[in-house]
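Heads up, run_21.txt below (compact mmCIF, C-alpha atoms):
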# COMPACT_ATOMS: atom_id res chain seq x y z
CA MET I 1 23.26 -37.44 45.55
CA SER I 2 21.12 -40.48 44.65
CA LYS I 3 22.73 -43.52 43.06
CA VAL I 4 21.60 -46.87 41.72
CA GLN I 5 23.65 -50.04 41.94
CA ILE I 6 22.81 -52.68 39.38
CA LYS I 7 23.90 -56.31 39.31
CA PRO I 8 23.86 -58.26 36.03
CA SER I 9 20.53 -59.98 35.45
CA GLU I 10 17.99 -60.78 32.77
CA LEU I 11 14.58 -59.21 32.24
CA ASN I 12 11.83 -61.74 31.58
CA GLY I 13 8.14 -60.99 31.82
CA LYS I 14 5.45 -58.41 31.14
CA VAL I 15 5.45 -54.68 31.87
CA ILE I 16 2.36 -52.48 31.66
CA ILE I 17 3.85 -49.24 30.43
CA PRO I 18 2.80 -45.91 32.02
CA PRO I 19 0.80 -43.25 30.16
CA SER I 20 2.45 -41.06 27.56
CA LYS I 21 3.92 -37.91 29.03
CA SER I 22 3.74 -36.17 25.65
CA ALA I 23 0.07 -36.97 25.09
CA ALA I 24 -0.83 -36.07 28.67
CA HIS I 25 0.76 -32.60 28.43
CA ARG I 26 -1.36 -31.84 25.37
CA ALA I 27 -4.59 -33.31 26.73
CA LEU I 28 -4.26 -31.43 30.03
CA ILE I 29 -3.87 -28.13 28.19
CA CYS I 30 -6.79 -28.87 25.85
CA SER I 31 -8.94 -29.80 28.84
CA PHE I 32 -7.97 -26.55 30.54
CA LEU I 33 -8.91 -24.57 27.42
CA ALA I 34 -12.20 -26.50 27.23
CA GLY I 35 -13.04 -25.49 30.78
CA GLY I 36 -13.37 -29.00 32.13
CA GLY I 37 -13.12 -32.73 31.57
CA ASN I 38 -10.97 -35.42 33.15
CA VAL I 39 -7.60 -36.56 31.81
CA SER I 40 -6.39 -39.97 32.97
CA PRO I 41 -4.26 -41.83 33.74
CA ILE I 42 -1.56 -39.31 34.67
CA ILE I 43 1.82 -40.50 35.91
CA GLU I 44 3.11 -38.71 39.03
CA SER I 45 6.28 -37.44 37.34
CA ASN I 46 7.86 -34.04 37.86
CA ASP I 47 7.03 -33.01 34.30
CA MET I 48 3.36 -33.81 34.82
CA LYS I 49 3.41 -31.94 38.12
CA ALA I 50 4.80 -28.95 36.22
CA THR I 51 1.97 -28.80 33.68
CA VAL I 52 -0.73 -29.51 36.27
CA GLY I 53 0.76 -26.86 38.54
CA VAL I 54 0.99 -24.18 35.87
CA LEU I 55 -2.61 -24.80 34.81
CA GLU I 56 -3.77 -24.61 38.43
CA SER I 57 -1.86 -21.36 38.88
CA LEU I 58 -3.57 -19.89 35.82
CA LYS I 59 -6.98 -21.00 37.08
CA ASN I 60 -6.25 -19.33 40.41
CA GLY I 61 -5.05 -16.09 38.85
CA GLU I 62 -1.52 -16.48 40.20
CA LYS I 63 1.29 -14.41 38.67
CA MET I 64 4.19 -16.88 39.04
CA LEU I 65 4.14 -20.02 36.87
CA ASP I 66 6.69 -22.67 37.86
CA CYS I 67 7.64 -25.04 35.01
CA ILE I 68 10.03 -26.96 37.32
CA GLU I 69 12.34 -28.67 34.78
CA SER I 70 9.80 -29.33 32.02
CA GLY I 71 10.68 -27.88 28.63
CA SER I 72 7.32 -29.00 27.25
CA THR I 73 5.41 -27.13 29.95
CA MET I 74 7.46 -23.99 29.36
CA ARG I 75 7.21 -23.90 25.57
CA PHE I 76 3.59 -25.03 25.42
CA MET I 77 2.26 -22.68 28.08
CA ILE I 78 4.00 -19.40 27.20
CA PRO I 79 1.83 -18.72 24.11
CA VAL I 80 -1.25 -20.18 25.79
CA ALA I 81 -0.92 -17.73 28.69
CA ALA I 82 -0.29 -14.95 26.17
CA ALA I 83 -3.44 -15.87 24.24
CA LEU I 84 -5.38 -15.57 27.49
CA GLY I 85 -3.94 -12.09 28.04
CA ARG I 86 -2.29 -12.99 31.32
CA ASP I 87 0.36 -10.83 32.97
CA VAL I 88 2.57 -13.58 34.40
CA THR I 89 6.16 -14.67 34.95
CA PHE I 90 7.44 -18.10 33.96
CA ILE I 91 10.14 -19.58 36.17
CA GLY I 92 11.94 -22.91 36.28
CA ARG I 93 14.71 -24.86 37.94
CA GLY I 94 17.82 -26.90 37.24
CA SER I 95 18.26 -28.16 33.70
CA LEU I 96 15.42 -25.97 32.40
CA LEU I 97 17.23 -22.71 33.12
CA PRO I 98 19.73 -22.92 30.22
CA ARG I 99 17.12 -24.05 27.68
CA THR I 100 16.28 -21.43 25.11
CA ILE I 101 13.02 -19.57 24.54
CA GLY I 102 14.44 -17.40 21.78
CA GLU I 103 11.73 -18.05 19.21
CA TYR I 104 9.10 -16.58 21.52
CA LEU I 105 11.22 -13.56 22.39
CA GLU I 106 11.23 -12.70 18.69
CA LEU I 107 7.66 -13.69 17.83
CA LEU I 108 5.51 -12.52 20.72
CA PRO I 109 6.39 -8.79 20.57
CA LYS I 110 5.32 -8.80 16.91
CA HIS I 111 1.87 -9.98 17.99
CA GLY I 112 0.91 -7.77 20.89
CA VAL I 113 2.81 -9.32 23.79
CA SER I 114 5.52 -7.57 25.81
CA VAL I 115 8.35 -9.80 27.04
CA GLU I 116 11.06 -9.32 29.65
CA SER I 117 13.88 -11.89 29.60
CA ASN I 118 17.62 -12.27 29.16
CA GLY I 119 17.01 -15.03 26.62
CA PHE I 120 16.10 -17.69 29.18
CA LEU I 121 13.85 -18.07 32.20
CA PRO I 122 12.58 -16.16 34.07
CA LEU I 123 10.28 -14.69 31.41
CA LYS I 124 7.67 -12.03 32.15
CA ILE I 125 4.88 -11.52 29.62
CA SER I 126 2.03 -9.02 29.44
CA GLY I 127 -0.54 -8.07 26.84
CA CYS I 128 -2.76 -10.29 24.73
CA LEU I 129 -1.56 -12.39 21.81
CA GLU I 130 -2.89 -11.27 18.42
CA ASN I 131 -3.58 -13.56 15.47
CA GLY I 132 -1.56 -13.40 12.28
CA SER I 133 1.41 -15.05 10.62
CA PHE I 134 4.07 -16.63 12.83
CA GLU I 135 7.36 -17.47 11.13
CA VAL I 136 9.17 -20.15 13.12
CA ASN I 137 12.32 -22.20 12.66
CA GLY I 138 11.30 -25.83 12.38
CA ASP I 139 14.68 -27.26 13.35
CA VAL I 140 15.05 -25.73 16.83
CA SER I 141 12.24 -27.46 18.73
CA SER I 142 8.85 -28.73 17.62
CA GLN I 143 7.58 -27.62 21.03
CA TYR I 144 7.34 -24.05 19.74
CA ILE I 145 4.97 -25.17 16.97
CA THR I 146 2.85 -27.13 19.43
CA GLY I 147 2.60 -24.17 21.80
CA LEU I 148 1.50 -21.86 18.99
CA LEU I 149 -1.10 -24.28 17.63
CA LEU I 150 -2.69 -24.70 21.06
CA ALA I 151 -2.79 -20.94 21.62
CA LEU I 152 -3.80 -19.66 18.19
CA ALA I 153 -6.94 -21.77 17.99
CA THR I 154 -8.36 -19.74 20.89
CA LEU I 155 -7.99 -16.36 19.15
CA GLU I 156 -10.74 -14.76 17.10
CA GLY I 157 -8.99 -14.41 13.75
CA ASP I 158 -7.18 -16.91 11.56
CA SER I 159 -3.45 -17.55 11.94
CA ALA I 160 -0.66 -19.29 10.07
CA VAL I 161 2.47 -20.97 11.41
CA ILE I 162 5.07 -20.61 8.67
CA LEU I 163 8.10 -22.88 8.86
CA LYS I 164 11.30 -21.06 7.90
CA THR I 165 13.30 -24.29 8.03
CA PRO I 166 12.26 -27.96 7.65
CA LEU I 167 10.37 -29.33 10.62
CA GLN I 168 12.20 -31.89 12.74
CA SER I 169 10.42 -34.17 15.21
CA LYS I 170 7.26 -33.81 13.14
CA PRO I 171 5.55 -36.76 14.88
CA TYR I 172 5.28 -34.61 18.00
CA VAL I 173 3.37 -31.96 16.04
CA ASN I 174 1.23 -34.71 14.50
CA MET I 175 0.35 -35.75 18.05
CA THR I 176 -0.64 -32.17 18.88
CA VAL I 177 -2.91 -31.97 15.84
CA LYS I 178 -4.45 -35.33 16.72
CA VAL I 179 -5.14 -34.46 20.39
CA MET I 180 -6.57 -31.08 19.40
CA ALA I 181 -8.84 -32.86 16.90
CA ASP I 182 -10.00 -35.17 19.70
CA TYR I 183 -11.10 -31.99 21.51
CA GLY I 184 -12.93 -30.72 18.42
CA VAL I 185 -10.32 -28.22 17.20
CA LYS I 186 -9.03 -28.43 13.63
CA VAL I 187 -5.56 -27.59 12.36
CA ALA I 188 -4.80 -27.74 8.64
CA GLU I 189 -1.35 -28.72 7.42
CA THR I 190 -0.24 -26.68 4.40
CA ASP I 191 2.75 -26.38 2.10
CA PHE I 192 4.13 -23.59 4.30
CA GLY I 193 3.32 -25.07 7.71
CA TYR I 194 -0.05 -24.94 9.46
CA LEU I 195 -3.29 -22.92 9.17
CA ILE I 196 -5.46 -22.42 12.23
CA HIS I 197 -8.92 -20.88 12.05
CA GLY I 198 -9.64 -18.65 15.02
CA GLY I 199 -12.66 -18.73 17.26
CA GLN I 200 -12.61 -22.50 17.73
CA LYS I 201 -13.88 -24.01 20.95
CA PHE I 202 -12.29 -26.93 22.75
CA LYS I 203 -15.01 -29.34 23.83
CA LYS I 204 -15.23 -30.86 27.29
CA LEU I 205 -14.57 -34.59 27.42
CA ASP I 206 -12.95 -37.30 29.50
CA TYR I 207 -9.67 -38.21 27.85
CA ILE I 208 -7.82 -41.54 28.17
CA VAL I 209 -4.05 -41.17 27.79
CA GLU I 210 -2.33 -43.90 25.80
CA GLY I 211 0.85 -45.72 26.88
CA ASP I 212 4.29 -44.19 26.37
CA TRP I 213 6.34 -45.67 23.52
CA SER I 214 9.54 -43.91 24.57
CA HIS I 215 9.35 -45.68 27.95
CA ALA I 216 8.50 -48.97 26.26
CA ALA I 217 11.77 -48.73 24.32
CA PHE I 218 13.92 -49.32 27.43
CA PHE I 219 12.32 -52.68 28.16
CA LEU I 220 12.13 -53.75 24.52
CA VAL I 221 15.85 -53.14 24.05
CA ALA I 222 16.59 -55.08 27.26
CA GLY I 223 14.63 -58.01 25.88
CA ALA I 224 16.34 -57.83 22.49
CA ILE I 225 19.86 -57.83 23.96
CA GLY I 226 19.30 -60.71 26.37
CA GLY I 227 15.85 -61.39 27.75
CA ASP I 228 12.23 -62.07 26.90
CA VAL I 229 9.96 -59.07 27.43
CA THR I 230 6.38 -58.10 26.61
CA VAL I 231 5.31 -54.47 26.94
CA SER I 232 1.55 -53.84 27.07
CA GLY I 233 -0.71 -50.80 27.31
CA LEU I 234 0.37 -49.45 23.93
CA ASP I 235 -1.71 -47.95 21.12
CA MET I 236 -0.65 -49.57 17.85
CA ASN I 237 -2.31 -46.71 15.91
CA THR I 238 -0.51 -43.99 17.83
CA THR I 239 0.85 -40.74 16.44
CA GLN I 240 3.78 -41.02 18.86
CA GLY I 241 6.96 -40.93 16.81
CA ASP I 242 8.75 -43.24 19.23
CA LYS I 243 6.66 -46.15 18.02
CA ALA I 244 9.52 -46.22 15.52
CA ILE I 245 11.39 -48.30 18.10
CA ILE I 246 9.77 -51.27 16.35
CA ASP I 247 11.41 -50.34 13.04
CA VAL I 248 14.71 -49.63 14.79
CA LEU I 249 14.74 -53.02 16.49
CA GLU I 250 14.01 -54.75 13.19
CA LYS I 251 16.89 -52.88 11.55
CA PHE I 252 19.18 -54.35 14.22
CA GLY I 253 17.90 -57.87 13.45
CA VAL I 254 15.27 -58.27 16.16
CA GLU I 255 12.13 -60.29 15.48
CA VAL I 256 9.29 -58.19 16.88
CA GLU I 257 5.87 -59.63 17.63
CA THR I 258 2.99 -57.17 17.95
CA GLY I 259 -0.40 -57.76 19.52
CA GLU I 260 -3.52 -55.63 19.84
CA ASN I 261 -1.89 -53.42 22.47
CA SER I 262 1.45 -55.08 23.14
CA VAL I 263 4.92 -55.76 21.75
CA HIS I 264 7.04 -58.83 22.49
CA VAL I 265 10.76 -59.27 21.88
CA LYS I 266 13.35 -61.78 23.02
CA GLU I 267 17.09 -62.22 22.81
CA SER I 268 18.24 -61.82 19.23
CA ARG I 269 21.42 -61.92 17.18
CA LEU I 270 22.06 -58.21 16.71
CA HIS I 271 23.90 -56.31 13.99
CA GLY I 272 24.64 -52.63 13.52
CA ALA I 273 22.48 -50.23 11.51
CA ASP I 274 22.32 -46.66 10.21
CA ILE I 275 19.77 -44.63 12.16
CA ASP I 276 18.48 -41.18 11.22
CA ALA I 277 17.25 -39.85 14.56
CA GLY I 278 15.77 -36.59 13.25
CA ASN I 279 12.24 -37.60 14.24
CA ILE I 280 13.11 -39.80 17.22
CA PRO I 281 15.67 -37.87 19.31
CA ASP I 282 14.44 -39.23 22.64
CA LEU I 283 15.29 -42.77 21.52
CA VAL I 284 18.97 -42.04 20.83
CA PRO I 285 20.36 -43.01 24.27
CA ILE I 286 18.68 -46.42 24.28
CA ILE I 287 19.48 -47.01 20.60
CA ALA I 288 23.12 -46.32 21.40
CA VAL I 289 23.01 -48.97 24.14
CA LEU I 290 21.48 -51.42 21.67
CA ALA I 291 24.24 -50.61 19.18
CA ALA I 292 26.98 -51.24 21.74
CA PHE I 293 25.76 -54.84 22.10
CA SER I 294 25.34 -55.37 18.33
CA GLU I 295 28.01 -56.75 16.01
CA GLY I 296 29.40 -54.24 13.53
CA LYS I 297 29.06 -50.55 12.90
CA THR I 298 26.15 -48.28 13.83
CA VAL I 299 25.88 -44.66 12.73
CA ILE I 300 23.36 -42.43 14.54
CA SER I 301 22.79 -39.08 12.82
CA GLY I 302 20.33 -36.18 12.74
CA ALA I 303 20.41 -35.74 16.51
CA GLU I 304 22.16 -32.38 16.91
CA ARG I 305 19.29 -31.02 19.04
CA LEU I 306 20.22 -33.53 21.73
CA ARG I 307 22.98 -31.19 22.81
CA PHE I 308 20.31 -28.93 24.35
CA LYS I 309 18.26 -31.40 26.39
CA GLU I 310 18.53 -32.13 30.11
CA SER I 311 22.17 -32.83 29.31
CA ASP I 312 24.20 -32.79 26.13
CA ARG I 313 22.89 -36.25 25.37
CA ILE I 314 25.35 -36.95 22.57
CA LYS I 315 28.30 -36.32 24.88
CA SER I 316 26.62 -38.00 27.86
CA VAL I 317 25.98 -41.20 25.91
CA VAL I 318 29.42 -41.30 24.32
CA ASP I 319 31.23 -40.68 27.60
CA ASN I 320 29.32 -43.44 29.40
CA LEU I 321 29.85 -45.91 26.57
CA LYS I 322 33.57 -45.20 26.71
CA LEU I 323 33.60 -45.86 30.46
CA MET I 324 32.11 -49.28 29.65
CA GLY I 325 34.87 -49.95 27.12
CA ALA I 326 32.84 -49.38 23.96
CA ASP I 327 34.42 -48.30 20.67
CA VAL I 328 32.47 -45.08 20.08
CA SER I 329 33.20 -41.67 18.63
CA GLU I 330 31.17 -38.46 18.80
CA THR I 331 30.04 -36.59 15.69
CA ALA I 332 28.40 -33.18 15.34
CA ASP I 333 24.92 -34.70 15.06
CA GLY I 334 25.30 -38.10 16.66
CA MET I 335 27.84 -40.87 17.05
CA VAL I 336 29.51 -43.87 15.45
CA ILE I 337 29.57 -47.11 17.45
CA HIS I 338 31.55 -50.23 16.58
CA GLY I 339 29.61 -52.78 18.58
CA GLY I 340 30.26 -56.28 19.77
CA LYS I 341 33.26 -55.38 21.92
CA GLU I 342 33.69 -56.81 25.42
CA LEU I 343 32.09 -54.33 27.80
CA LYS I 344 32.74 -53.93 31.51
CA ALA I 345 30.94 -52.67 34.58
CA ALA I 346 31.82 -49.13 35.61
CA GLU I 347 30.80 -46.12 37.63
CA LEU I 348 28.62 -44.22 35.17
CA LYS I 349 27.24 -40.69 35.18
CA GLY I 350 23.52 -39.96 35.16
CA TYR I 351 24.02 -36.28 34.26
CA ASN I 352 20.75 -35.51 36.08
CA ASP I 353 19.08 -36.80 32.91
CA HIS I 354 16.27 -39.34 33.20
CA ARG I 355 16.83 -40.90 29.78
CA ILE I 356 20.55 -41.37 30.41
CA VAL I 357 19.90 -43.11 33.74
CA MET I 358 17.24 -45.43 32.32
CA SER I 359 19.22 -46.26 29.18
CA PHE I 360 22.38 -47.20 31.04
CA SER I 361 20.37 -49.17 33.57
CA VAL I 362 19.52 -51.37 30.60
CA ALA I 363 23.20 -51.58 29.60
CA ALA I 364 24.13 -52.54 33.18
CA LEU I 365 22.08 -55.75 32.89
CA PHE I 366 24.68 -57.21 30.55
CA LEU I 367 27.98 -56.06 32.05
CA ASP I 368 30.47 -58.17 34.00
CA GLY I 369 29.85 -56.88 37.51
CA MET I 370 28.26 -54.20 39.66
CA THR I 371 27.47 -50.96 37.82
CA THR I 372 26.78 -47.69 39.62
CA ILE I 373 24.94 -44.74 38.07
CA ASP I 374 24.56 -41.44 39.90
CA ASP I 375 21.61 -39.00 39.76
CA ALA I 376 19.28 -42.00 39.87
CA TYR I 377 16.30 -39.96 41.07
CA SER I 378 16.34 -37.97 37.85
CA ILE I 379 13.93 -40.65 36.61
CA ASN I 380 11.27 -38.80 38.63
CA LYS I 381 11.13 -36.30 35.78
CA SER I 382 9.25 -38.76 33.58
CA TYR I 383 9.02 -42.30 35.01
CA PRO I 384 9.24 -42.51 38.83
CA GLU I 385 8.27 -46.19 38.88
CA PHE I 386 10.96 -47.25 36.38
CA PHE I 387 13.10 -49.24 38.81
CA ASP I 388 10.02 -50.86 40.37
CA ASP I 389 8.96 -52.14 36.95
CA TYR I 390 12.57 -53.04 36.09
CA ASN I 391 12.98 -55.13 39.25
CA SER I 392 9.53 -56.71 38.91
CA ILE I 393 10.63 -58.67 35.84
CA GLY I 394 14.06 -59.74 37.00
CA GLY I 395 16.20 -56.63 37.34
CA ASN I 396 18.47 -56.21 40.34
CA ALA I 397 18.67 -52.46 40.97
CA ASP I 398 19.16 -50.87 44.38
CA VAL I 399 18.55 -47.12 44.59
CA PHE I 400 20.07 -45.26 47.52

Please go through the file and, once you have read it, give me the structure as structure tokens.
Amino acid sequence: MSKVQIKPSELNGKVIIPPSKSAAHRALICSFLAGGGNVSPIIESNDMKATVGVLESLKNGEKMLDCIESGSTMRFMIPVAAALGRDVTFIGRGSLLPRTIGEYLELLPKHGVSVESNGFLPLKISGCLENGSFEVNGDVSSQYITGLLLALATLEGDSAVILKTPLQSKPYVNMTVKVMADYGVKVAETDFGYLIHGGQKFKKLDYIVEGDWSHAAFFLVAGAIGGDVTVSGLDMNTTQGDKAIIDVLEKFGVEVETGENSVHVKESRLHGADIDAGNIPDLVPIIAVLAAFSEGKTVISGAERLRFKESDRIKSVVDNLKLMGADVSETADGMVIHGGKELKAAELKGYNDHRIVMSFSVAALFLDGMTTIDDAYSINKSYPEFFDDYNSIGGNADVF
């Protein structure tokens, strides 16, 4: 089992953030549907390897599609493969195996696709997806909506995605619509959801992937608690919902300076805030760390879907904060943190969850001694170079 040991230190300097995993998934699929074009830069993370591998398997006519541990790859590619009429089986590993695909098990058979599954992976599909109306719950995962939009544009007839419940994490769907538009495919937002005209063609192009705001958040929070950090390589006009880290930091009292493609923060006097995480679930672990070092009460809500990520992220965050001595309580959809308490170094759990490991590596900078976090290599899912960048600006992390 991999671990990281972290000594207290201060992050000062500039980090060039890696490309957005979310944007890269979408661009790679659009490029595949276009029949060519380069997508760059691509980070060598396990999630990226999953999407690249599945697309290569489809190109080669292979029957087994391995999503590794990537929920995005799984939920994006199932309807895409169905739209192409492929007879294939989706498999996965580790934390992906308990993640649901229930929406597709209900929808696909209504539109010409046979499915074989016990509710989770492996999933075998056969037949060709037919256009029509697709009624989807909007509060389960926006990844289902993205997968359908990518697939339905390739069919001959028009289709509608009808939201049965309000859409959460809408910025991720906005990103899908934007990337598809970059490839020449139009999606219309309507009162009921989305309308997609069939018969559209993805155009070949070379696509430049913007920097990842969710990764930027780790370093920005480190700077705000006790450092001086600039993160560059960011698109200030992004559709990425996690750009909201700027607004979150300001709510906690941080003075944020933005440049053409960069954000700068330094140590600030922090106070608690109320955060609705409905559209920014991936930021919750690092926001919780920020709250623990802020005076007063923070309430994080709207994050119930975090219980079905790589770990139950609400419980994972709360348990680790308690090990550090924080005053925190779990709620059904988030947590309540009374910050400003004296926190201590501890042996923390990584829960094989990349965002937990990276978030608590930030917390460890400001504790009173050596902190150990297990499952350190789980960062390979999204940001393999995290500790290299962390150490390059003053961190003291030893992975073993």

key: d(CA of Glu130 (chain I), CA of Cys30 (chain I)) in Å   = 19.5 Å

request  = Point out the residue among I:Gln240, I:Asn174, I:Ser378, I:Thr100 with the least atom-to-atom distance to Ser45 (chain I), counting only C-alpha atoms.
outcome  = I:Ser378

ask   = Between CA of Ser9 (chain I) and CA of Phe218 (chain I), what is the distance, to one decimal in Å?
value =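 About the pair CA of Ser9 (chain I) and CA of Phe218 (chain I): they are 14.9 Å apart.
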
request  = Write out as a ChimeraX atom specification each polymer residue whose atoms come within 7 Å of Gly227 (chain I), counting only C-alpha atoms; drop sequence neighbours fewer than 3 positions from it.
outcome  = /I:10-12,222-224,266-267

With C-alpha atoms retained, export the selected residues as a CSV table (one decimal), in the frame of the given file.
chain,number,residue,atom,x,y,z
I,10,GLU,CA,18.0,-60.8,32.8
I,11,LEU,CA,14.6,-59.2,32.2
I,12,ASN,CA,11.8,-61.7,31.6
I,222,ALA,CA,16.6,-55.1,27.3
I,223,GLY,CA,14.6,-58.0,25.9
I,224,ALA,CA,16.3,-57.8,22.5
I,266,LYS,CA,13.4,-61.8,23.0
I,267,GLU,CA,17.1,-62.2,22.8

request  = Considering only C-alpha atoms, return as a ChimeraX atom specification whatever protein or nucleic-acid residues lie within 8 Å of region 22-24 of chain I, sequence-local ones (same chain, fewer than 2 positions apart) excluded.
outcome  = /I:19-20,26-28,39,42,48,172,175-176,179,209-210

task = Find the residue from I:Leu167, I:Asp191, I:Ala363, I:Pro18 that sits nearest to Asp389 (chain I); use only C-alpha atoms when measuring.
result =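 Checking each of I:Leu167, I:Asp191, I:Ala363, I:Pro18 against Asp389 (chain I), counting only C-alpha atoms, the winner is I:Pro18.
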
inquiry  = The residues within 7 Å of (21.6, -35.0, 34.8), using all atoms listed in the file and the coordinates of the file, should be reported as an NGL selection string; which are they?
reply    = :I and (310-311 or 350-353 or 375 or 378)

inquiry  = Which residue is closest to Glu250 (chain I)? Choose from I:His271, I:Arg75, I:Lys110, I:His215 and count only C-alpha atoms.
reply    = I:His271

task = Could you tell me how far CA of Thr230 (chain I) lies from CA of Ser169 (chain I), in Å and to one decimal?
result =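 It comes out at 26.8 Å.
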
task = Counting only C-alpha atoms, figure out which residue out of I:Val254, I:Ile225, I:Leu149, I:Val115 gets nearest to Leu290 (chain I).
result =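 Among I:Val254, I:Ile225, I:Leu149, I:Val115, it is I:Ile225 that comes nearest to Leu290 (chain I).
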
key: Minimum-distance residue to Ile101 (chain I), chosen among I:Tyr194, I:Phe308, I:Phe400, I:Phe252 (using only C-alpha atoms)   = I:Phe308

key: Which residue of I:Leu107, I:Leu152, I:Ile337, I:Ala82 approaches Gly296 (chain I) most closely, using all atoms listed in the file   =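 Closest residue, counting all atoms listed in the file: I:Ile337.
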
Contacts of Val263 (chain I) at 9 Å or less, counting all atoms listed in the file, minus same-chain residues fewer than 2 places along, as a PDB file with C-alpha atoms, in the coordinates of the input?
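Resulting contents of around.pdb:
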ATOM      1  CA  ALA I 216       8.500 -48.970  26.260  1.00  0.00           C
ATOM      2  CA  LEU I 220      12.130 -53.750  24.520  1.00  0.00           C
ATOM      3  CA  VAL I 229       9.960 -59.070  27.430  1.00  0.00           C
ATOM      4  CA  THR I 230       6.380 -58.100  26.610  1.00  0.00           C
ATOM      5  CA  VAL I 231       5.310 -54.470  26.940  1.00  0.00           C
ATOM      6  CA  SER I 232       1.550 -53.840  27.070  1.00  0.00           C
ATOM      7  CA  LEU I 234       0.370 -49.450  23.930  1.00  0.00           C
ATOM      8  CA  ILE I 246       9.770 -51.270  16.350  1.00  0.00           C
ATOM      9  CA  VAL I 256       9.290 -58.190  16.880  1.00  0.00           C
ATOM     10  CA  GLU I 257       5.870 -59.630  17.630  1.00  0.00           C
ATOM     11  CA  THR I 258       2.990 -57.170  17.950  1.00  0.00           C
ATOM     12  CA  GLY I 259      -0.400 -57.760  19.520  1.00  0.00           C
ATOM     13  CA  GLU I 260      -3.520 -55.630  19.840  1.00  0.00           C
ATOM     14  CA  ASN I 261      -1.890 -53.420  22.470  1.00  0.00           C
ATOM     15  CA  VAL I 265      10.760 -59.270  21.880  1.00  0.00           C
TER      16      VAL I 265
END

task = Please provide the set of residues having any atom within 12 Å of Ile286 (chain I), restricted to all atoms listed in the file, with same-chain residues fewer than 4 positions apart removed, written as a ChimeraX atom specification.
result = /I:214-222,224-225,242,245,248-249,277,280-282,290-293,300,313-314,317-318,321,354-363

Give me the box for region 112-127 of chain I as JSON, namely the centre and edge lengths in Å to one decimal of a box along x, y and z that holds every listed atom plus 6 Å on each side.
{"center_x": 8.5, "center_y": -12.8, "center_z": 27.5, "size_x": 30.2, "size_y": 22.5, "size_z": 25.2}

inquiry  = Set the distance at 8 Å and use only C-alpha atoms: which residues neighbour Leu367 (chain I) once local chain neighbours fewer than 4 positions away are removed? I'd like the list as a list of chain:residue names.
reply    = I:Pro8, I:Leu343, I:Lys344, I:Ala345, I:Ala363, I:Thr371

Could you pull region 26-38 of chain I out of the structure I just pasted and write it to a file containing N, CA and C atoms, as a PDB file, in the first residue's frame?
ATOM      1  N   ARG I  26     -14.165  14.737 -23.185  1.00  0.00           N
ATOM      2  CA  ARG I  26     -15.153  15.141 -24.195  1.00  0.00           C
ATOM      3  C   ARG I  26     -14.509  15.366 -25.553  1.00  0.00           C
ATOM      4  N   ALA I  27     -13.353  16.029 -25.566  1.00  0.00           N
ATOM      5  CA  ALA I  27     -12.679  16.302 -26.833  1.00  0.00           C
ATOM      6  C   ALA I  27     -12.198  15.016 -27.498  1.00  0.00           C
ATOM      7  N   LEU I  28     -11.695  14.076 -26.696  1.00  0.00           N
ATOM      8  CA  LEU I  28     -11.239  12.806 -27.268  1.00  0.00           C
ATOM      9  C   LEU I  28     -12.386  12.062 -27.943  1.00  0.00           C
ATOM     10  N   ILE I  29     -13.545  12.076 -27.313  1.00  0.00           N
ATOM     11  CA  ILE I  29     -14.705  11.380 -27.896  1.00  0.00           C
ATOM     12  C   ILE I  29     -15.178  12.097 -29.156  1.00  0.00           C
ATOM     13  N   CYS I  30     -15.228  13.431 -29.114  1.00  0.00           N
ATOM     14  CA  CYS I  30     -15.629  14.185 -30.310  1.00  0.00           C
ATOM     15  C   CYS I  30     -14.655  13.949 -31.457  1.00  0.00           C
ATOM     16  N   SER I  31     -13.366  13.903 -31.148  1.00  0.00           N
ATOM     17  CA  SER I  31     -12.362  13.646 -32.177  1.00  0.00           C
ATOM     18  C   SER I  31     -12.535  12.258 -32.774  1.00  0.00           C
ATOM     19  N   PHE I  32     -12.834  11.293 -31.917  1.00  0.00           N
ATOM     20  CA  PHE I  32     -13.104   9.935 -32.385  1.00  0.00           C
ATOM     21  C   PHE I  32     -14.308   9.921 -33.328  1.00  0.00           C
ATOM     22  N   LEU I  33     -15.372  10.601 -32.944  1.00  0.00           N
ATOM     23  CA  LEU I  33     -16.582  10.638 -33.778  1.00  0.00           C
ATOM     24  C   LEU I  33     -16.354  11.427 -35.063  1.00  0.00           C
ATOM     25  N   ALA I  34     -15.385  12.349 -35.044  1.00  0.00           N
ATOM     26  CA  ALA I  34     -15.046  13.109 -36.249  1.00  0.00           C
ATOM     27  C   ALA I  34     -14.182  12.297 -37.212  1.00  0.00           C
ATOM     28  N   GLY I  35     -13.554  11.250 -36.683  1.00  0.00           N
ATOM     29  CA  GLY I  35     -12.698  10.430 -37.530  1.00  0.00           C
ATOM     30  C   GLY I  35     -11.275  10.919 -37.628  1.00  0.00           C
ATOM     31  N   GLY I  36     -10.882  11.813 -36.728  1.00  0.00           N
ATOM     32  CA  GLY I  36      -9.501  12.289 -36.757  1.00  0.00           C
ATOM     33  C   GLY I  36      -9.342  13.617 -36.063  1.00  0.00           C
ATOM     34  N   GLY I  37      -8.099  14.073 -35.988  1.00  0.00           N
ATOM     35  CA  GLY I  37      -7.780  15.311 -35.291  1.00  0.00           C
ATOM     36  C   GLY I  37      -7.039  15.017 -33.996  1.00  0.00           C
ATOM     37  N   ASN I  38      -6.126  15.913 -33.645  1.00  0.00           N
ATOM     38  CA  ASN I  38      -5.302  15.729 -32.460  1.00  0.00           C
ATOM     39  C   ASN I  38      -5.916  16.442 -31.261  1.00  0.00           C
TER      40      ASN I  38
END
